[in-house]
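These notes are about the structure you will find just below.
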Amino acid sequence: MDKIVIEGGTPLSGQISISGAKNSALKLMVACLLTDEPLELTNMPNLRDTRFLGHLLENFGVKVTDGVGNLTMHAKTLTSTTAPYDLVRKMRASFNVLGPVLARAHKAKVSLPGGCAIGARPVDLHLNALKAMGAEIELSEGYVIASASGGLKGAEITFPFISVGATEHSMLAAVLAKGETVLNNAAREPEIVDLANCLNAMGAKISGAGRSEVTIQGVKKLGGTKFAVVPDRIEAGTYALAAATVGGAVRLVNVRSDHLGSLWPLIAQAGAKVTMDENSVLVERHGTPIHPVDVETQAYPGFPTDLQAQFMAMMCLADGVSIIRENIFENRFMHCPELSRMGANITVSGREAIIRGVPKLKGAQVMATDLRASASLIAAGMAAEGTTEVGRVYHLDRGFEQIEVKLGNCGARIKRVKE
Ligand code: UD1
């Protein structure tokens with residue numbers, strides 16, 4: 001298994017081009033199941049998760065053609081309506097095939113999902129939404145068996161709390177339902193707007209995406225389109241935080257700075273300088289101390305849970321005490337013991353972590369525990385004295401395109417080693 005080896009202590013300097021968003025690409029890919037015409041996605045990230053979803057789509061009879069930075073998927077006919085355990089367990093987003101297959105074929109059998117081990121992560125909201133649209137749902141031997149003999153019907157759905165996945169899944173199912181669907185308390189993430197824009201380009205009638213109330217007028221048929229995946233705000237935030245943590249100057253290009261409105265003031269408060277122009281963001285810190293900043297994760301437009309671990313890596317080196325509260329997932333502090341192995345002083349109590357900043361971190365052997373946590377260990381390793389080895393990097397490859405190349409181009413002494 002590969003590991004990443006980092007010699008710490010070198011400031012970052014250079015430019016990083018941000019890839020298309022993994023979390024958007026995965027839902028856009030699933031949308032191909034809704035039409036018998038080709039869907040072409042450009043600005044596609046090349047990641048383990050997207051390749052993996054490509055295999056799952058092939059299992060349904062989708063012809064997947066992989067180009068450089070683009071991906072064409074053609075679901076002319078669905079040759080299967082079953083997503084087996086082996087293809088779903090590795091990635092939670094695969095579960096989102098259920099709604100589209102059900103909407104198009106009026107039946108679907110999909111294994112319950114796996115994915116990052118960050119809490120229980122049930123799918124009750126997804127299933128309740130499909131039931132509200134008239135689906136009959138049975139759970140049997142780890143599978144969801146769903147049917148809607150006359151097709152799905154529009155419904156008014158009020159989510160008890162905000163869920164990105166359930167909002168997207170409901171949109172993917174409702175576009176081909178009969179009549180109007182209204183989603184109340186919907187998630188407002190940029191990835192949801194991206195999905196709505198792509199579905200609308202395919203002929204869907206979705207309004208209000210990006211707001212709490214989304215309305216979908218069902219249509220009989222969707223067609224193909226060509227659509228560019230939105231830049232990855234989490235990848236951009238990860239490199240911005242790495243620059244602020246390690247020091248130096250990094251310019252991010254192909255970035256949507258407006259999608260990280262909650263992050264920029266916090267980075268500035270921590271002591272880094274953030275300069276934005278129309279197409280890029282420059283993050284700099286030259287020898288000035290890192291200040292402690294409290295943060296809590298929230299649904300968009302609040303601070304993203306997917307940047308919590310990376311923010312914590314920065315706070316480990318602050319000149320004071322900070323508190324980070326995780327409100328979205330109940331078990332998302334698995335990076336804390338790993339950061340502690342590098343000399344960080346972190347106490348976790350329930351949903352809060354108290355981070356007492358230390359003057360320096362020391363290189364150590366650490367283990368990636370989930371996708372975003374892996375990125376926090378890399379930033380800590382680049383800021384630390386000595387050598388850090390990050391094991392289990394397959395987590396990292398799920399969601400960061402060529403991370404060691406992008407950071408290496410900014411002067412980081414980082415390499416991938418085959419074991
Ligand atoms: C998506 C993102 C993930 C991000 C998360 C929150 C993808 C592929 N993943 O995950 O990177 O961290 O949004 O921004 O886009 N929940 C339930 N029942 C449900 C659905 C969710 O209890 O049916 C809970 C979850 O366990 C979690 C919370 O709701 O505690 C929010 O989860 P959700 O917004 O659905 O996250 P995902 O869509 O899984």
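FYI, nothing fancy with the structure tokens labels: chains A, B, ... in order, residues from 1 per chain, ligands from 1 as they appear.
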
Residues within 7 Å of ligand 1 should be enumerated using only C-alpha atoms and all ligand atoms and returned as a ChimeraX atom specification.
/A:23-24,26,92-93,119-126,162-166,299,304-306,328-330

Would you save the residues from that selection as a short mmCIF file (atom, residue, chain, number, x, y, z; two decimals), in the first residue's frame, using N, CA, C and O atoms?
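This is the output file selection_19.cif:
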data_model
loop_
_atom_site.label_atom_id
_atom_site.label_comp_id
_atom_site.auth_asym_id
_atom_site.auth_seq_id
_atom_site.Cartn_x
_atom_site.Cartn_y
_atom_site.Cartn_z
N ASN A 23 -17.49 16.00 -4.85
CA ASN A 23 -18.84 15.79 -4.34
C ASN A 23 -19.92 16.19 -5.33
O ASN A 23 -21.04 15.70 -5.26
N SER A 24 -19.58 17.09 -6.25
CA SER A 24 -20.53 17.43 -7.29
C SER A 24 -20.47 16.38 -8.39
O SER A 24 -21.51 15.88 -8.85
N LEU A 26 -19.78 13.32 -8.44
CA LEU A 26 -20.41 12.03 -8.14
C LEU A 26 -21.92 12.06 -8.38
O LEU A 26 -22.50 11.09 -8.87
N ARG A 92 -20.29 5.84 -0.15
CA ARG A 92 -21.65 6.17 0.21
C ARG A 92 -22.44 6.82 -0.93
O ARG A 92 -23.63 6.55 -1.11
N ALA A 93 -21.75 7.65 -1.72
CA ALA A 93 -22.46 8.38 -2.77
C ALA A 93 -23.07 7.44 -3.82
O ALA A 93 -23.98 7.82 -4.55
N GLY A 119 -19.02 8.23 11.67
CA GLY A 119 -20.32 8.18 12.31
C GLY A 119 -21.23 7.18 11.61
O GLY A 119 -20.86 6.56 10.63
N ALA A 120 -22.44 7.07 12.11
CA ALA A 120 -23.35 6.02 11.64
C ALA A 120 -23.84 6.30 10.22
O ALA A 120 -23.99 5.41 9.41
N ARG A 121 -24.10 7.55 9.88
CA ARG A 121 -24.52 7.98 8.54
C ARG A 121 -25.67 7.15 7.96
O ARG A 121 -25.52 6.46 6.95
N PRO A 122 -26.83 7.22 8.59
CA PRO A 122 -27.98 6.47 8.06
C PRO A 122 -28.52 7.09 6.76
O PRO A 122 -28.07 8.16 6.34
N VAL A 123 -29.49 6.42 6.14
CA VAL A 123 -30.09 6.93 4.90
C VAL A 123 -31.61 7.08 5.04
O VAL A 123 -32.34 7.07 4.07
N ASP A 124 -32.07 7.22 6.30
CA ASP A 124 -33.52 7.29 6.54
C ASP A 124 -34.17 8.46 5.79
O ASP A 124 -35.27 8.34 5.24
N LEU A 125 -33.48 9.61 5.73
CA LEU A 125 -34.08 10.77 5.04
C LEU A 125 -34.26 10.50 3.55
O LEU A 125 -35.24 10.91 2.95
N HIS A 126 -33.28 9.80 2.96
CA HIS A 126 -33.36 9.46 1.54
C HIS A 126 -34.60 8.58 1.32
O HIS A 126 -35.40 8.81 0.41
N ILE A 162 -30.98 19.24 7.93
CA ILE A 162 -30.41 19.44 6.59
C ILE A 162 -29.50 18.27 6.21
O ILE A 162 -28.61 17.89 6.98
N SER A 163 -29.74 17.71 5.05
CA SER A 163 -28.87 16.65 4.53
C SER A 163 -28.56 16.93 3.06
O SER A 163 -29.48 17.09 2.25
N VAL A 164 -27.28 17.01 2.76
CA VAL A 164 -26.85 17.25 1.38
C VAL A 164 -27.29 16.07 0.51
O VAL A 164 -27.93 16.24 -0.52
N GLY A 165 -26.95 14.86 0.96
CA GLY A 165 -27.24 13.67 0.17
C GLY A 165 -28.73 13.49 -0.07
O GLY A 165 -29.16 13.18 -1.19
N ALA A 166 -29.55 13.68 0.96
CA ALA A 166 -31.00 13.46 0.81
C ALA A 166 -31.61 14.52 -0.10
O ALA A 166 -32.52 14.24 -0.88
N ALA A 299 -24.03 23.45 8.22
CA ALA A 299 -24.42 23.29 6.81
C ALA A 299 -24.09 24.59 6.07
O ALA A 299 -24.01 25.66 6.69
N PRO A 304 -17.61 24.42 6.56
CA PRO A 304 -17.83 23.02 6.16
C PRO A 304 -17.14 21.99 7.07
O PRO A 304 -15.97 22.17 7.42
N THR A 305 -17.87 20.96 7.37
CA THR A 305 -17.29 19.85 8.14
C THR A 305 -16.10 19.24 7.39
O THR A 305 -15.16 18.74 8.01
N ASP A 306 -16.11 19.32 6.07
CA ASP A 306 -15.02 18.74 5.28
C ASP A 306 -13.72 19.54 5.38
O ASP A 306 -12.71 19.13 4.81
N ILE A 328 -21.94 18.39 12.48
CA ILE A 328 -22.58 17.62 11.40
C ILE A 328 -22.47 16.11 11.64
O ILE A 328 -23.46 15.39 11.54
N PHE A 329 -21.27 15.64 11.94
CA PHE A 329 -21.07 14.20 12.15
C PHE A 329 -20.67 13.94 13.60
O PHE A 329 -19.91 14.71 14.19
N GLU A 330 -21.14 12.82 14.15
CA GLU A 330 -20.93 12.59 15.58
C GLU A 330 -19.56 11.98 15.89
O GLU A 330 -19.16 11.90 17.03
#

Any idea what's packed within 8 Å of Ala309 of chain A, counting only C-alpha atoms, ignoring anything in its chain fewer than 5 positions away? Could you give it as a VMD selection string?
chain A and resid 333 335 372 to 373 375 to 376

Just write the chosen residues, all heavy atoms, as a CSV table (one decimal), in the first residue's frame.
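Just written: part-v3.csv:
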chain,number,residue,atom,x,y,z
A,333,PHE,N,-13.5,13.1,14.8
A,333,PHE,CA,-12.3,13.6,15.4
A,333,PHE,C,-11.2,12.5,15.4
A,333,PHE,O,-10.3,12.5,16.2
A,333,PHE,CB,-12.6,14.0,16.8
A,333,PHE,CG,-13.3,15.3,17.0
A,333,PHE,CD1,-14.4,15.5,17.8
A,333,PHE,CD2,-12.9,16.4,16.2
A,333,PHE,CE1,-15.0,16.7,18.0
A,333,PHE,CE2,-13.5,17.7,16.3
A,333,PHE,CZ,-14.6,17.8,17.2
A,335,HIS,N,-8.8,12.2,13.5
A,335,HIS,CA,-7.5,12.7,13.2
A,335,HIS,C,-6.8,13.2,14.4
A,335,HIS,O,-5.6,13.4,14.4
A,335,HIS,CB,-7.6,13.9,12.2
A,335,HIS,CG,-8.7,14.8,12.5
A,335,HIS,ND1,-10.0,14.5,12.2
A,335,HIS,CD2,-8.8,16.0,13.0
A,335,HIS,CE1,-10.8,15.5,12.6
A,335,HIS,NE2,-10.1,16.4,13.0
A,372,ARG,N,-10.8,13.5,4.4
A,372,ARG,CA,-10.3,14.9,4.8
A,372,ARG,C,-9.3,14.9,5.9
A,372,ARG,O,-8.4,15.8,5.9
A,372,ARG,CB,-11.5,15.8,5.1
A,372,ARG,CG,-12.7,15.7,4.1
A,372,ARG,CD,-12.3,16.1,2.7
A,372,ARG,NE,-13.4,16.0,1.8
A,372,ARG,CZ,-13.3,16.2,0.5
A,372,ARG,NH1,-12.1,16.5,-0.1
A,372,ARG,NH2,-14.4,16.1,-0.3
A,373,ALA,N,-9.4,14.0,6.8
A,373,ALA,CA,-8.4,13.9,7.9
A,373,ALA,C,-7.0,13.6,7.3
A,373,ALA,O,-6.0,14.2,7.8
A,373,ALA,CB,-8.8,12.7,8.8
A,375,ALA,N,-5.8,14.9,4.6
A,375,ALA,CA,-5.2,16.1,4.2
A,375,ALA,C,-4.7,16.9,5.4
A,375,ALA,O,-3.7,17.7,5.3
A,375,ALA,CB,-6.3,16.9,3.4
A,376,SER,N,-5.3,16.8,6.5
A,376,SER,CA,-4.9,17.6,7.7
A,376,SER,C,-3.5,17.0,8.2
A,376,SER,O,-2.6,17.8,8.6
A,376,SER,CB,-5.9,17.5,8.9
A,376,SER,OG,-5.8,16.2,9.5

Using only C-alpha atoms, pick whichever of A:Ser349, A:Thr35, A:Asn43, A:Thr215 has the shortest atom-to-atom distance to Val101 of chain A.
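For Val101 of chain A, the nearest of the given residues is A:Thr35.
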
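Residue nearest His259 of chain A, chosen from A:Ala240, A:Ile234, A:Leu396, A:Leu47 and counting only C-alpha atoms: A:Ile234.
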
What are the DSSP strand (DSSP E or B) residues of segment 57-290 of chain A, as a PyMOL selection string?
chain A and resi 63-66+70-74+82-83+107-111+136-140+143-147+153+156-158+178+180-184+205-207+209+211+214-217+225-228+231+248-253+273-276+280-285+290

So that I can check the surroundings of segment 57-68 of chain A, please list as JSON, numbers by chain every protein, DNA and RNA residue that reaches within 8 Å of it, counting only C-alpha atoms and ignoring chain neighbours fewer than 2 positions away.
{"A": [30, 33, 53, 54, 55, 70, 71, 72, 73, 74, 75, 76, 77, 78, 79, 80, 81, 82, 83]}

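If you measure from each of A:Val230, A:Cys198, A:Met314, A:Val214 to Asn254 of chain A using only C-alpha atoms, the closest one turns out to be A:Val230.
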
Separation of atom CA of Lys3 of chain A and atom CA of Ala25 of chain A, in Å?
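Computing the Euclidean distance for atom CA of Lys3 of chain A and atom CA of Ala25 of chain A yields 26.1 Å.
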
Selected residue of minimal separation from Ile137 of chain A among A:Arg416, A:Lys362, A:Lys107, A:Lys90, counting only C-alpha atoms
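Residue with the minimum atom-to-atom distance to Ile137 of chain A: A:Lys107.
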
Residues at most 10 Å from segment 8-17 of chain A, counting only C-alpha atoms, excluding those fewer than 2 positions away in the same chain, as a VMD selection string?
chain A and resid 5 to 6 19 to 20 231 235 to 236 239 to 240 242 to 255 280 to 287 361 to 363 378 to 388 403 405 to 414

DSSP on the backbone, then: every residue of segment 98-304 of chain A marked helix (DSSP H, G or I), written as a ChimeraX atom specification.
/A:98-105,124-132,164-174,190-201,233-246,257-260,264-269
